[in-house]
$ cat target.cif   # mmCIF, C-alpha atoms and all ligand atoms
data_protein
loop_
_atom_site.label_atom_id
_atom_site.label_comp_id
_atom_site.auth_asym_id
_atom_site.auth_seq_id
_atom_site.Cartn_x
_atom_site.Cartn_y
_atom_site.Cartn_z
CA MET P 33 -34.78 80.69 112.67
CA ASP P 34 -33.04 78.01 110.63
CA ARG P 35 -34.45 77.39 107.18
CA ARG P 36 -33.21 75.83 103.99
CA SER P 37 -35.03 77.93 101.41
CA PRO P 38 -34.75 81.70 101.03
CA SER P 39 -37.42 83.89 102.64
CA GLU P 40 -39.76 86.13 100.65
CA THR P 41 -37.80 89.13 101.95
CA LEU P 42 -34.55 87.79 100.57
CA LEU P 43 -36.10 86.81 97.24
CA ARG P 44 -37.60 90.29 96.92
CA LEU P 45 -34.28 92.02 97.68
CA LEU P 46 -32.49 89.78 95.19
CA GLY P 47 -35.21 90.36 92.64
CA GLU P 48 -34.71 94.12 92.95
CA ARG P 49 -31.03 93.55 92.07
CA SER P 50 -30.09 95.28 95.31
CA ALA P 51 -26.38 95.82 95.91
CA LEU P 52 -24.91 92.55 97.08
CA PHE P 53 -21.83 91.82 99.17
CA VAL P 54 -20.73 88.19 99.51
CA LEU P 55 -18.19 86.98 102.06
CA THR P 56 -16.93 83.42 101.71
CA GLY P 57 -14.76 81.02 103.67
CA ALA P 58 -13.41 77.50 103.31
CA GLY P 59 -16.90 75.94 103.53
CA VAL P 60 -17.78 77.05 99.97
CA SER P 61 -14.92 74.89 98.68
CA ALA P 62 -15.83 71.88 100.84
CA GLU P 63 -18.05 70.46 98.11
CA SER P 64 -15.11 70.74 95.72
CA GLY P 65 -13.28 68.30 97.96
CA LEU P 66 -11.04 70.81 99.75
CA ALA P 67 -10.85 70.48 103.52
CA THR P 68 -11.98 73.36 105.72
CA PHE P 69 -9.72 74.49 108.58
CA ARG P 70 -11.75 73.78 111.68
CA GLY P 71 -13.83 70.75 112.62
CA PRO P 72 -13.15 67.00 112.66
CA ASP P 73 -11.59 66.70 109.16
CA GLY P 74 -10.22 70.25 109.14
CA LEU P 75 -6.69 71.22 108.14
CA TRP P 76 -6.03 72.53 111.64
CA GLU P 77 -7.17 69.27 113.24
CA GLY P 78 -4.00 67.52 114.35
CA ARG P 79 -1.87 70.33 112.87
CA ASP P 80 -0.70 73.42 114.67
CA PRO P 81 -1.48 76.60 112.67
CA ALA P 82 1.41 78.30 114.51
CA SER P 83 3.85 75.84 112.93
CA LEU P 84 2.47 76.22 109.38
CA ALA P 85 0.84 79.60 108.95
CA THR P 86 2.93 82.22 110.71
CA PRO P 87 5.99 84.25 109.66
CA GLU P 88 7.84 82.76 112.66
CA ALA P 89 7.21 79.20 111.40
CA PHE P 90 8.52 80.17 107.95
CA ALA P 91 11.67 81.70 109.45
CA ARG P 92 12.25 78.61 111.60
CA ASP P 93 11.32 75.83 109.19
CA PRO P 94 10.62 77.01 105.63
CA GLU P 95 10.64 73.47 104.27
CA THR P 96 7.72 72.28 106.42
CA VAL P 97 5.76 75.42 105.62
CA TRP P 98 6.44 75.18 101.87
CA ARG P 99 5.58 71.45 101.78
CA PHE P 100 2.20 72.26 103.35
CA TYR P 101 1.44 74.96 100.75
CA ALA P 102 2.78 72.82 97.87
CA TRP P 103 0.41 70.06 98.98
CA ARG P 104 -2.46 72.56 99.07
CA ARG P 105 -1.55 73.74 95.56
CA ARG P 106 -1.80 70.14 94.34
CA GLN P 107 -5.17 69.67 96.07
CA ALA P 108 -6.56 72.93 94.70
CA ARG P 109 -5.30 72.21 91.18
CA ARG P 110 -7.19 68.91 91.14
CA ALA P 111 -10.40 70.51 92.47
CA SER P 112 -13.09 72.18 90.35
CA PRO P 113 -15.47 75.00 91.21
CA ASN P 114 -18.78 73.69 92.54
CA ALA P 115 -22.37 74.88 92.17
CA GLY P 116 -21.86 77.39 95.00
CA HIS P 117 -18.90 79.11 93.29
CA LEU P 118 -20.84 79.16 90.02
CA ALA P 119 -23.92 80.66 91.69
CA ILE P 120 -21.84 83.49 93.17
CA ALA P 121 -20.46 84.27 89.70
CA ALA P 122 -24.04 84.27 88.35
CA LEU P 123 -25.19 86.66 91.09
CA GLU P 124 -22.36 88.99 90.01
CA ARG P 125 -23.35 88.81 86.33
CA ALA P 126 -26.93 89.73 87.28
CA ARG P 127 -25.58 93.01 88.73
CA PRO P 128 -23.59 94.65 85.95
CA GLN P 129 -23.38 98.02 87.70
CA THR P 130 -19.90 98.37 89.25
CA ASP P 131 -21.03 99.03 92.80
CA GLY P 132 -23.84 96.46 92.65
CA PHE P 133 -21.66 93.54 93.66
CA LEU P 134 -18.52 92.60 95.55
CA LEU P 135 -17.17 89.23 96.63
CA ALA P 136 -14.66 89.16 99.48
CA THR P 137 -13.13 85.76 100.05
CA GLN P 138 -10.90 84.37 102.75
CA ASN P 139 -10.10 81.48 100.42
CA VAL P 140 -6.78 81.21 98.64
CA ASP P 141 -7.65 78.27 96.37
CA GLY P 142 -8.56 80.25 93.22
CA LEU P 143 -11.89 78.45 92.70
CA HIS P 144 -13.96 81.65 92.67
CA GLU P 145 -11.80 83.03 89.87
CA ARG P 146 -12.09 79.77 87.95
CA ALA P 147 -15.89 79.93 88.36
CA GLY P 148 -15.91 83.36 86.68
CA SER P 149 -15.96 85.81 89.60
CA THR P 150 -14.20 89.05 88.72
CA ARG P 151 -15.37 91.77 91.11
CA MET P 152 -13.66 90.16 94.06
CA VAL P 153 -11.04 90.78 96.72
CA ARG P 154 -8.81 88.13 98.23
CA LEU P 155 -8.52 88.99 101.90
CA HIS P 156 -5.98 86.25 102.67
CA GLY P 157 -3.94 86.33 99.45
CA SER P 158 -3.62 83.50 96.94
CA LEU P 159 -2.12 80.02 96.81
CA TRP P 160 -1.06 80.87 93.26
CA ARG P 161 1.16 83.79 94.23
CA SER P 162 4.53 83.86 95.96
CA ARG P 163 6.41 86.76 97.43
CA CYS P 164 10.03 87.61 98.09
CA ALA P 165 10.20 87.96 101.87
CA ALA P 166 13.09 90.43 101.47
CA GLU P 167 11.84 92.76 98.72
CA GLY P 168 8.09 92.17 98.95
CA VAL P 169 7.82 91.60 95.18
CA GLU P 170 4.96 89.22 94.27
CA ILE P 171 4.92 86.76 91.38
CA ASP P 172 2.46 84.26 89.89
CA ASP P 173 3.69 80.87 91.02
CA ASP P 174 2.12 77.43 90.72
CA ARG P 175 5.18 75.34 91.53
CA ASP P 176 4.70 72.49 93.92
CA GLU P 177 8.24 71.15 93.80
CA PHE P 178 11.37 73.01 94.73
CA ASP P 179 15.11 72.38 94.43
CA GLU P 180 15.79 74.10 97.72
CA PHE P 181 13.91 75.32 100.77
CA PRO P 182 13.11 78.09 100.83
CA PRO P 183 13.20 78.81 97.09
CA ARG P 184 15.21 81.97 96.43
CA CYS P 185 14.40 85.21 94.64
CA ALA P 186 16.91 86.64 92.12
CA CYS P 187 17.88 89.07 94.90
CA GLY P 188 18.82 86.13 97.13
CA GLY P 189 15.90 86.65 99.52
CA PRO P 190 13.66 83.76 100.60
CA ILE P 191 10.45 83.24 98.62
CA ARG P 192 7.34 82.63 100.69
CA PRO P 193 3.73 81.74 99.85
CA GLY P 194 1.65 84.80 98.87
CA VAL P 195 -0.90 84.25 101.59
CA VAL P 196 -1.73 86.09 104.78
CA TRP P 197 -0.57 84.31 107.92
CA PHE P 198 -1.72 84.58 111.50
CA GLY P 199 -0.34 87.72 113.07
CA GLU P 200 -0.06 89.52 109.72
CA ALA P 201 -2.09 92.45 108.48
CA LEU P 202 -4.50 91.97 105.58
CA PRO P 203 -3.52 93.60 102.28
CA GLU P 204 -4.57 97.22 102.84
CA ALA P 205 -6.24 97.81 99.49
CA ALA P 206 -8.20 94.54 99.67
CA TRP P 207 -9.45 95.35 103.15
CA ALA P 208 -10.44 98.90 102.18
CA LEU P 209 -12.44 97.60 99.22
CA ALA P 210 -14.11 94.88 101.28
CA GLU P 211 -15.07 97.33 103.99
CA ARG P 212 -16.53 99.69 101.41
CA GLY P 213 -18.48 96.85 99.80
CA ALA P 214 -19.86 95.79 103.18
CA ARG P 215 -20.88 99.35 104.00
CA ALA P 216 -22.54 99.98 100.65
CA CYS P 217 -24.58 96.80 100.21
CA ALA P 218 -28.26 96.12 100.80
CA ILE P 219 -27.74 92.36 101.17
CA ALA P 220 -24.73 90.66 102.74
CA ILE P 221 -24.43 86.91 102.14
CA VAL P 222 -21.93 85.16 104.38
CA ALA P 223 -21.23 81.62 103.20
CA GLY P 224 -19.03 78.82 104.48
CA THR P 225 -17.09 80.63 107.18
CA SER P 226 -16.83 79.90 110.89
CA SER P 227 -16.87 83.69 111.48
CA LEU P 228 -14.04 83.30 113.98
CA VAL P 229 -11.08 84.90 112.21
CA TYR P 230 -10.79 88.68 112.35
CA PRO P 231 -10.82 91.14 110.76
CA ALA P 232 -12.77 89.27 108.02
CA ALA P 233 -15.36 88.21 110.60
CA ALA P 234 -16.12 91.89 111.30
CA LEU P 235 -17.45 92.51 107.77
CA PRO P 236 -21.00 91.15 108.35
CA ASP P 237 -21.32 93.41 111.39
CA ILE P 238 -20.14 96.42 109.36
CA ALA P 239 -22.78 95.56 106.74
CA LYS P 240 -25.52 95.14 109.33
CA ARG P 241 -24.72 98.45 111.04
CA ALA P 242 -24.91 100.14 107.65
CA GLY P 243 -28.41 98.76 107.18
CA ALA P 244 -27.86 95.60 105.13
CA TYR P 245 -29.93 92.43 105.36
CA VAL P 246 -27.45 89.79 106.56
CA VAL P 247 -27.86 86.18 105.45
CA GLU P 248 -25.73 83.30 106.68
CA ILE P 249 -25.32 80.09 104.67
CA ASN P 250 -23.74 77.36 106.76
CA PRO P 251 -24.89 73.91 107.88
CA GLU P 252 -23.43 74.60 111.35
CA HIS P 253 -24.05 77.35 113.88
CA THR P 254 -21.42 80.08 114.17
CA PRO P 255 -21.18 83.28 116.22
CA LEU P 256 -22.93 85.04 113.32
CA SER P 257 -25.93 82.69 113.52
CA ASP P 258 -27.21 84.51 116.60
CA TRP P 259 -27.65 87.85 114.88
CA ALA P 260 -27.90 87.31 111.12
CA HIS P 261 -31.33 88.35 109.78
CA GLU P 262 -31.64 85.01 108.03
CA ARG P 263 -29.86 81.71 108.38
CA LEU P 264 -29.96 79.17 105.58
CA ALA P 265 -28.79 75.96 107.19
CA GLY P 266 -27.32 73.79 104.47
CA PRO P 267 -24.41 73.33 102.10
CA ALA P 268 -23.42 76.34 100.00
CA GLY P 269 -23.46 74.24 96.83
CA GLU P 270 -27.15 73.60 97.37
CA ILE P 271 -28.36 76.88 98.89
CA LEU P 272 -26.52 79.43 96.72
CA PRO P 273 -27.99 78.14 93.43
CA SER P 274 -31.46 78.60 94.93
CA LEU P 275 -30.73 82.35 95.08
CA VAL P 276 -30.05 82.55 91.35
CA GLY P 277 -32.50 82.35 88.50
CA PRO P 278 -35.94 83.56 87.60
CA GLU P 279 -37.65 82.60 90.84
CA ALA P 280 -35.17 84.73 92.81
CA HIS P 281 -35.39 87.62 90.39
CA ARG P 282 -39.07 88.36 90.21
P1 LIG O 1 -13.27 77.36 108.86
O1 LIG O 1 -12.69 76.00 108.64
O2 LIG O 1 -12.96 78.04 110.13
O3 LIG O 1 -14.85 77.29 108.75
C1 LIG O 1 -15.49 76.66 107.67
C2 LIG O 1 -16.98 76.81 107.85
O4 LIG O 1 -17.60 76.25 106.72
C3 LIG O 1 -17.54 76.08 109.08
O5 LIG O 1 -18.37 76.99 109.80
C4 LIG O 1 -18.39 74.96 108.48
O6 LIG O 1 -19.56 74.67 109.24
C5 LIG O 1 -18.75 75.54 107.14
N1 LIG O 1 -19.04 74.55 106.09
C6 LIG O 1 -18.58 73.28 105.95
N2 LIG O 1 -19.06 72.73 104.82
C7 LIG O 1 -19.87 73.65 104.25
C8 LIG O 1 -20.66 73.67 103.06
N3 LIG O 1 -20.72 72.64 102.24
N4 LIG O 1 -21.36 74.81 102.79
C9 LIG O 1 -21.32 75.88 103.63
N5 LIG O 1 -20.58 75.90 104.74
C10 LIG O 1 -19.88 74.81 105.07
O7 LIG O 1 -12.86 78.24 107.58
P2 LIG O 1 -12.84 79.84 107.43
O8 LIG O 1 -13.96 80.45 108.15
O9 LIG O 1 -12.66 80.13 105.99
O10 LIG O 1 -6.75 81.63 107.59
O11 LIG O 1 -11.49 80.18 108.18
C11 LIG O 1 -11.04 81.50 108.19
C12 LIG O 1 -9.55 81.53 108.15
O12 LIG O 1 -9.01 80.71 109.20
C13 LIG O 1 -8.94 80.94 106.89
O13 LIG O 1 -8.83 81.87 105.86
C14 LIG O 1 -7.59 80.48 107.35
C15 LIG O 1 -8.02 79.83 108.63
O14 LIG O 1 -7.05 79.62 109.58
C16 LIG O 1 -5.42 81.51 107.48
O15 LIG O 1 -4.86 80.52 107.09
C17 LIG O 1 -4.70 82.75 107.88
#
$ encode --input "target.cif" --output "structure tokens"
Amino acid sequence: MDRRSPSETLLRLLGERSALFVLTGAGVSAESGLATFRGPDGLWEGRDPASLATPEAFARDPETVWRFYAWRRRQARRASPNAGHLAIAALERARPQTDGFLLATQNVDGLHERAGSTRMVRLHGSLWRSRCAAEGVEIDDDRDEFDEFPPRCACGGPIRPGVVWFGEALPEAAWALAERGARACAIAIVAGTSSLVYPAAALPDIAKRAGAYVVEINPEHTPLSDWAHERLAGPAGEILPSLVGPEAHR
């Protein structure tokens, strides 16, 4: 059933400070002004992901790929964390025990970190990292202008964005942590993702099979909507704050 306010069950579980796993996608940054991927105004609308977010595209046309990520760096730099990001950081602070909280995000924009989240894994890498495609060495990198395409590492190898592209494996350690968090939680909150891209989309199912109460926050229906225990149909920036605070922590 679609609802906008949390059920008694969810408020009770939150109030008991039960172990919480949060999975986020582009929708949590929508209210910060960053476009999601799918849907009418999405980044993949009128753009071909295969020409922008694959290793083959980078090998063929590194300039087009880098210009896309440089543009996204500029967008993300101008954006600020919204009430949804801040609420997730507050839910983490309310669970000081190490295994009481984990955030796994598919987002690369850095807004969770800027909102104060620390116990988090980035499943798809970061816009603010780059990697030598030859040596695999990663560096912090916020450049959005380059003298040459692709920019070059000291070793001469091409430097690529530090994100995960279609057809690539997720960072092993990040995935292992996320899977463990999903397995160990009592509540899994899945916010702002279309639940279409695997393996991230498998995490709610892993949590459910391990006995967690699965909550979806999304104004639109997704494949997860059919089997989540609870669906809160609304924007993350409105719904997530309603899970924080005294009324949710009785
Ligand atoms: P999508 O663009 O696929 O889905 C965004 C979801 O957010 C949709 O289900 C929207 O209904 C929902 N949404 C929109 N506004 C919202 C709001 N204010 N509050 C809550 N939800 C809202 O983005 P992801 O699921 O993150 O991968 O996409 C997963 C991966 O596919 C991305 O990491 C990216 C993309 O291609 C790569 O680039 C490899």
$ atom_distance --input "target.cif" --atom1 "atom CA of P:Val54" --atom2 "atom CA of P:Glu170"
26.2 Å
$ closest_residue --input "target.cif" --among "P:Thr41, P:Thr96, P:Ser162, P:Thr56" --to "ligand LIG 1 (chain O)" --atoms "only C-alpha atoms and all ligand atoms"
P:Thr56
$ atom_distance --input "target.cif" --atom1 "atom CA of P:Ala205" --atom2 "atom CA of P:Leu235"
14.9 Å
$ atom_distance --input "target.cif" --atom1 "atom CA of P:Ile238" --atom2 "atom CA of P:Leu134"
14.4 Å
$ closest_residue --input "target.cif" --among "P:Arg109, P:Arg163, P:Arg35, P:Arg263" --to "P:Gly142" --atoms "only C-alpha atoms"
P:Arg109
$ residues_near_ligand --input "target.cif" --ligand "ligand LIG 1 (chain O)" --cutoff "9 Å" --atoms "only C-alpha atoms and all ligand atoms" --output "JSON, numbers by chain"
{"P": [56, 57, 58, 59, 60, 61, 62, 63, 64, 67, 68, 69, 70, 71, 74, 75, 76, 81, 84, 85, 86, 116, 137, 138, 139, 140, 155, 156, 195, 196, 197, 198, 199, 200, 223, 224, 225, 226, 227, 228, 229, 230, 232, 233, 249, 250, 251, 252, 253, 254, 265, 266, 267, 268, 269, 270, 271]}
$ closest_residue --input "target.cif" --among "P:Ser50, P:Ser37, P:Ser149, P:Ser158" --to "P:Ala119" --atoms "only C-alpha atoms"
P:Ser149
$ residues_around --input "target.cif" --residues "P:Gly132" --least-positions-apart "3" --cutoff "9 Å" --atoms "all atoms listed in the file" --output "PyMOL selection string"
chain P and resi 49-53+124+127-129+213+216-217
$ residues_near_point --input "target.cif" --point "(-28.6, 80.0, 90.5)" --cutoff "9 Å" --atoms "all atoms listed in the file" --output "PDB file with C-alpha atoms, in the coordinates of the input"
ATOM      1  CA  ALA P 115     -22.370  74.880  92.170  1.00  0.00           C
ATOM      2  CA  GLY P 116     -21.860  77.390  95.000  1.00  0.00           C
ATOM      3  CA  LEU P 118     -20.840  79.160  90.020  1.00  0.00           C
ATOM      4  CA  ALA P 119     -23.920  80.660  91.690  1.00  0.00           C
ATOM      5  CA  ILE P 120     -21.840  83.490  93.170  1.00  0.00           C
ATOM      6  CA  ALA P 122     -24.040  84.270  88.350  1.00  0.00           C
ATOM      7  CA  LEU P 123     -25.190  86.660  91.090  1.00  0.00           C
ATOM      8  CA  ILE P 271     -28.360  76.880  98.890  1.00  0.00           C
ATOM      9  CA  LEU P 272     -26.520  79.430  96.720  1.00  0.00           C
ATOM     10  CA  PRO P 273     -27.990  78.140  93.430  1.00  0.00           C
ATOM     11  CA  SER P 274     -31.460  78.600  94.930  1.00  0.00           C
ATOM     12  CA  LEU P 275     -30.730  82.350  95.080  1.00  0.00           C
ATOM     13  CA  VAL P 276     -30.050  82.550  91.350  1.00  0.00           C
ATOM     14  CA  GLY P 277     -32.500  82.350  88.500  1.00  0.00           C
ATOM     15  CA  PRO P 278     -35.940  83.560  87.600  1.00  0.00           C
ATOM     16  CA  ALA P 280     -35.170  84.730  92.810  1.00  0.00           C
TER      17      ALA P 280
END
$ closest_residue --input "target.cif" --among "P:Leu209, P:Arg79, P:Pro182, P:Asp176" --to "P:Arg92" --atoms "all atoms listed in the file"
P:Pro182
$ closest_residue --input "target.cif" --among "P:Arg99, P:His117, P:Arg44, P:Arg161" --to "P:Gly194" --atoms "all atoms listed in the file"
P:Arg161
$ closest_residue --input "target.cif" --among "P:Cys187, P:Thr130, P:Pro203, P:Leu135" --to "P:Ala220" --atoms "only C-alpha atoms"
P:Leu135
$ residues_around --input "target.cif" --residues "P:Leu42" --least-positions-apart "4" --cutoff "10 Å" --atoms "only C-alpha atoms" --output "MDAnalysis selection string"
chainID P and resid 37:38 46:48 219 245:247 261:262 275 280
$ residues_around --input "target.cif" --residues "P:Cys185" --least-positions-apart "6" --cutoff "10 Å" --atoms "all atoms listed in the file" --output "mmCIF file with C-alpha atoms, keeping the file's coordinate frame"
data_model
loop_
_atom_site.group_PDB
_atom_site.id
_atom_site.type_symbol
_atom_site.label_atom_id
_atom_site.label_comp_id
_atom_site.auth_asym_id
_atom_site.auth_seq_id
_atom_site.Cartn_x
_atom_site.Cartn_y
_atom_site.Cartn_z
ATOM 1 C CA ARG P 163 6.410 86.760 97.430
ATOM 2 C CA CYS P 164 10.030 87.610 98.090
ATOM 3 C CA ALA P 165 10.200 87.960 101.870
ATOM 4 C CA ALA P 166 13.090 90.430 101.470
ATOM 5 C CA GLU P 167 11.840 92.760 98.720
ATOM 6 C CA VAL P 169 7.820 91.600 95.180
ATOM 7 C CA ILE P 191 10.450 83.240 98.620
ATOM 8 C CA ARG P 192 7.340 82.630 100.690
#
$ decode --input "target.cif" --residues "stretch 119-130 of chain P" --atoms "all heavy atoms" --output "PDB file, in the first residue's frame"
ATOM      1  N   ALA P 119      19.009  13.935   6.636  1.00  0.00           N
ATOM      2  CA  ALA P 119      18.273  12.981   7.479  1.00  0.00           C
ATOM      3  C   ALA P 119      19.021  11.645   7.561  1.00  0.00           C
ATOM      4  O   ALA P 119      19.074  11.020   8.627  1.00  0.00           O
ATOM      5  CB  ALA P 119      16.862  12.773   6.923  1.00  0.00           C
ATOM      6  N   ILE P 120      19.616  11.218   6.449  1.00  0.00           N
ATOM      7  CA  ILE P 120      20.366   9.948   6.464  1.00  0.00           C
ATOM      8  C   ILE P 120      21.568  10.069   7.405  1.00  0.00           C
ATOM      9  O   ILE P 120      21.870   9.159   8.185  1.00  0.00           O
ATOM     10  CB  ILE P 120      20.793   9.553   5.033  1.00  0.00           C
ATOM     11  CG1 ILE P 120      19.542   9.168   4.230  1.00  0.00           C
ATOM     12  CG2 ILE P 120      21.792   8.401   5.047  1.00  0.00           C
ATOM     13  CD1 ILE P 120      19.771   8.992   2.727  1.00  0.00           C
ATOM     14  N   ALA P 121      22.231  11.225   7.372  1.00  0.00           N
ATOM     15  CA  ALA P 121      23.362  11.440   8.295  1.00  0.00           C
ATOM     16  C   ALA P 121      22.873  11.435   9.746  1.00  0.00           C
ATOM     17  O   ALA P 121      23.559  10.918  10.641  1.00  0.00           O
ATOM     18  CB  ALA P 121      24.072  12.747   7.957  1.00  0.00           C
ATOM     19  N   ALA P 122      21.683  11.981   9.983  1.00  0.00           N
ATOM     20  CA  ALA P 122      21.138  12.002  11.352  1.00  0.00           C
ATOM     21  C   ALA P 122      20.767  10.587  11.810  1.00  0.00           C
ATOM     22  O   ALA P 122      20.984  10.218  12.976  1.00  0.00           O
ATOM     23  CB  ALA P 122      19.915  12.922  11.416  1.00  0.00           C
ATOM     24  N   LEU P 123      20.233   9.781  10.906  1.00  0.00           N
ATOM     25  CA  LEU P 123      19.907   8.388  11.259  1.00  0.00           C
ATOM     26  C   LEU P 123      21.186   7.636  11.630  1.00  0.00           C
ATOM     27  O   LEU P 123      21.185   6.788  12.522  1.00  0.00           O
ATOM     28  CB  LEU P 123      19.189   7.700  10.085  1.00  0.00           C
ATOM     29  CG  LEU P 123      17.750   8.158   9.837  1.00  0.00           C
ATOM     30  CD1 LEU P 123      17.252   7.702   8.462  1.00  0.00           C
ATOM     31  CD2 LEU P 123      16.803   7.638  10.930  1.00  0.00           C
ATOM     32  N   GLU P 124      22.285   7.942  10.939  1.00  0.00           N
ATOM     33  CA  GLU P 124      23.576   7.319  11.286  1.00  0.00           C
ATOM     34  C   GLU P 124      24.026   7.755  12.681  1.00  0.00           C
ATOM     35  O   GLU P 124      24.417   6.916  13.501  1.00  0.00           O
ATOM     36  CB  GLU P 124      24.637   7.710  10.243  1.00  0.00           C
ATOM     37  CG  GLU P 124      26.028   7.202  10.618  1.00  0.00           C
ATOM     38  CD  GLU P 124      27.118   7.619   9.627  1.00  0.00           C
ATOM     39  OE1 GLU P 124      26.807   7.965   8.481  1.00  0.00           O
ATOM     40  OE2 GLU P 124      28.295   7.590  10.045  1.00  0.00           O
ATOM     41  N   ARG P 125      23.944   9.061  12.951  1.00  0.00           N
ATOM     42  CA  ARG P 125      24.409   9.557  14.264  1.00  0.00           C
ATOM     43  C   ARG P 125      23.607   8.942  15.410  1.00  0.00           C
ATOM     44  O   ARG P 125      24.114   8.763  16.515  1.00  0.00           O
ATOM     45  CB  ARG P 125      24.301  11.088  14.315  1.00  0.00           C
ATOM     46  CG  ARG P 125      25.431  11.795  13.577  1.00  0.00           C
ATOM     47  CD  ARG P 125      25.490  13.266  13.956  1.00  0.00           C
ATOM     48  NE  ARG P 125      24.246  13.962  13.645  1.00  0.00           N
ATOM     49  CZ  ARG P 125      23.960  14.491  12.457  1.00  0.00           C
ATOM     50  NH1 ARG P 125      24.824  14.404  11.463  1.00  0.00           N
ATOM     51  NH2 ARG P 125      22.805  15.102  12.258  1.00  0.00           N
ATOM     52  N   ALA P 126      22.333   8.610  15.140  1.00  0.00           N
ATOM     53  CA  ALA P 126      21.485   8.030  16.190  1.00  0.00           C
ATOM     54  C   ALA P 126      21.856   6.569  16.477  1.00  0.00           C
ATOM     55  O   ALA P 126      21.301   5.952  17.384  1.00  0.00           O
ATOM     56  CB  ALA P 126      20.017   8.125  15.779  1.00  0.00           C
ATOM     57  N   ARG P 127      22.754   6.014  15.657  1.00  0.00           N
ATOM     58  CA  ARG P 127      23.189   4.613  15.833  1.00  0.00           C
ATOM     59  C   ARG P 127      24.700   4.559  15.936  1.00  0.00           C
ATOM     60  O   ARG P 127      25.380   4.166  14.982  1.00  0.00           O
ATOM     61  CB  ARG P 127      22.703   3.777  14.635  1.00  0.00           C
ATOM     62  CG  ARG P 127      21.216   3.568  14.676  1.00  0.00           C
ATOM     63  CD  ARG P 127      20.631   3.126  13.351  1.00  0.00           C
ATOM     64  NE  ARG P 127      19.190   3.050  13.528  1.00  0.00           N
ATOM     65  CZ  ARG P 127      18.402   4.117  13.562  1.00  0.00           C
ATOM     66  NH1 ARG P 127      18.899   5.322  13.411  1.00  0.00           N
ATOM     67  NH2 ARG P 127      17.110   3.969  13.756  1.00  0.00           N
ATOM     68  N   PRO P 128      25.237   4.942  17.108  1.00  0.00           N
ATOM     69  CA  PRO P 128      26.694   5.039  17.213  1.00  0.00           C
ATOM     70  C   PRO P 128      27.399   3.684  17.156  1.00  0.00           C
ATOM     71  O   PRO P 128      28.591   3.641  16.837  1.00  0.00           O
ATOM     72  CB  PRO P 128      26.923   5.723  18.566  1.00  0.00           C
ATOM     73  CG  PRO P 128      25.623   5.700  19.287  1.00  0.00           C
ATOM     74  CD  PRO P 128      24.535   5.396  18.319  1.00  0.00           C
ATOM     75  N   GLN P 129      26.700   2.605  17.432  1.00  0.00           N
ATOM     76  CA  GLN P 129      27.393   1.302  17.382  1.00  0.00           C
ATOM     77  C   GLN P 129      27.766   0.988  15.927  1.00  0.00           C
ATOM     78  O   GLN P 129      26.965   1.197  15.010  1.00  0.00           O
ATOM     79  CB  GLN P 129      26.555   0.184  18.023  1.00  0.00           C
ATOM     80  CG  GLN P 129      25.343  -0.316  17.261  1.00  0.00           C
ATOM     81  CD  GLN P 129      24.120   0.601  17.386  1.00  0.00           C
ATOM     82  OE1 GLN P 129      24.213   1.769  17.720  1.00  0.00           O
ATOM     83  NE2 GLN P 129      22.937   0.046  17.087  1.00  0.00           N
ATOM     84  N   THR P 130      29.004   0.499  15.737  1.00  0.00           N
ATOM     85  CA  THR P 130      29.586   0.336  14.400  1.00  0.00           C
ATOM     86  C   THR P 130      28.682  -0.424  13.441  1.00  0.00           C
ATOM     87  O   THR P 130      28.516  -0.051  12.293  1.00  0.00           O
ATOM     88  CB  THR P 130      30.929  -0.438  14.507  1.00  0.00           C
ATOM     89  OG1 THR P 130      31.654   0.163  15.561  1.00  0.00           O
ATOM     90  CG2 THR P 130      31.720  -0.390  13.227  1.00  0.00           C
TER      91      THR P 130
END
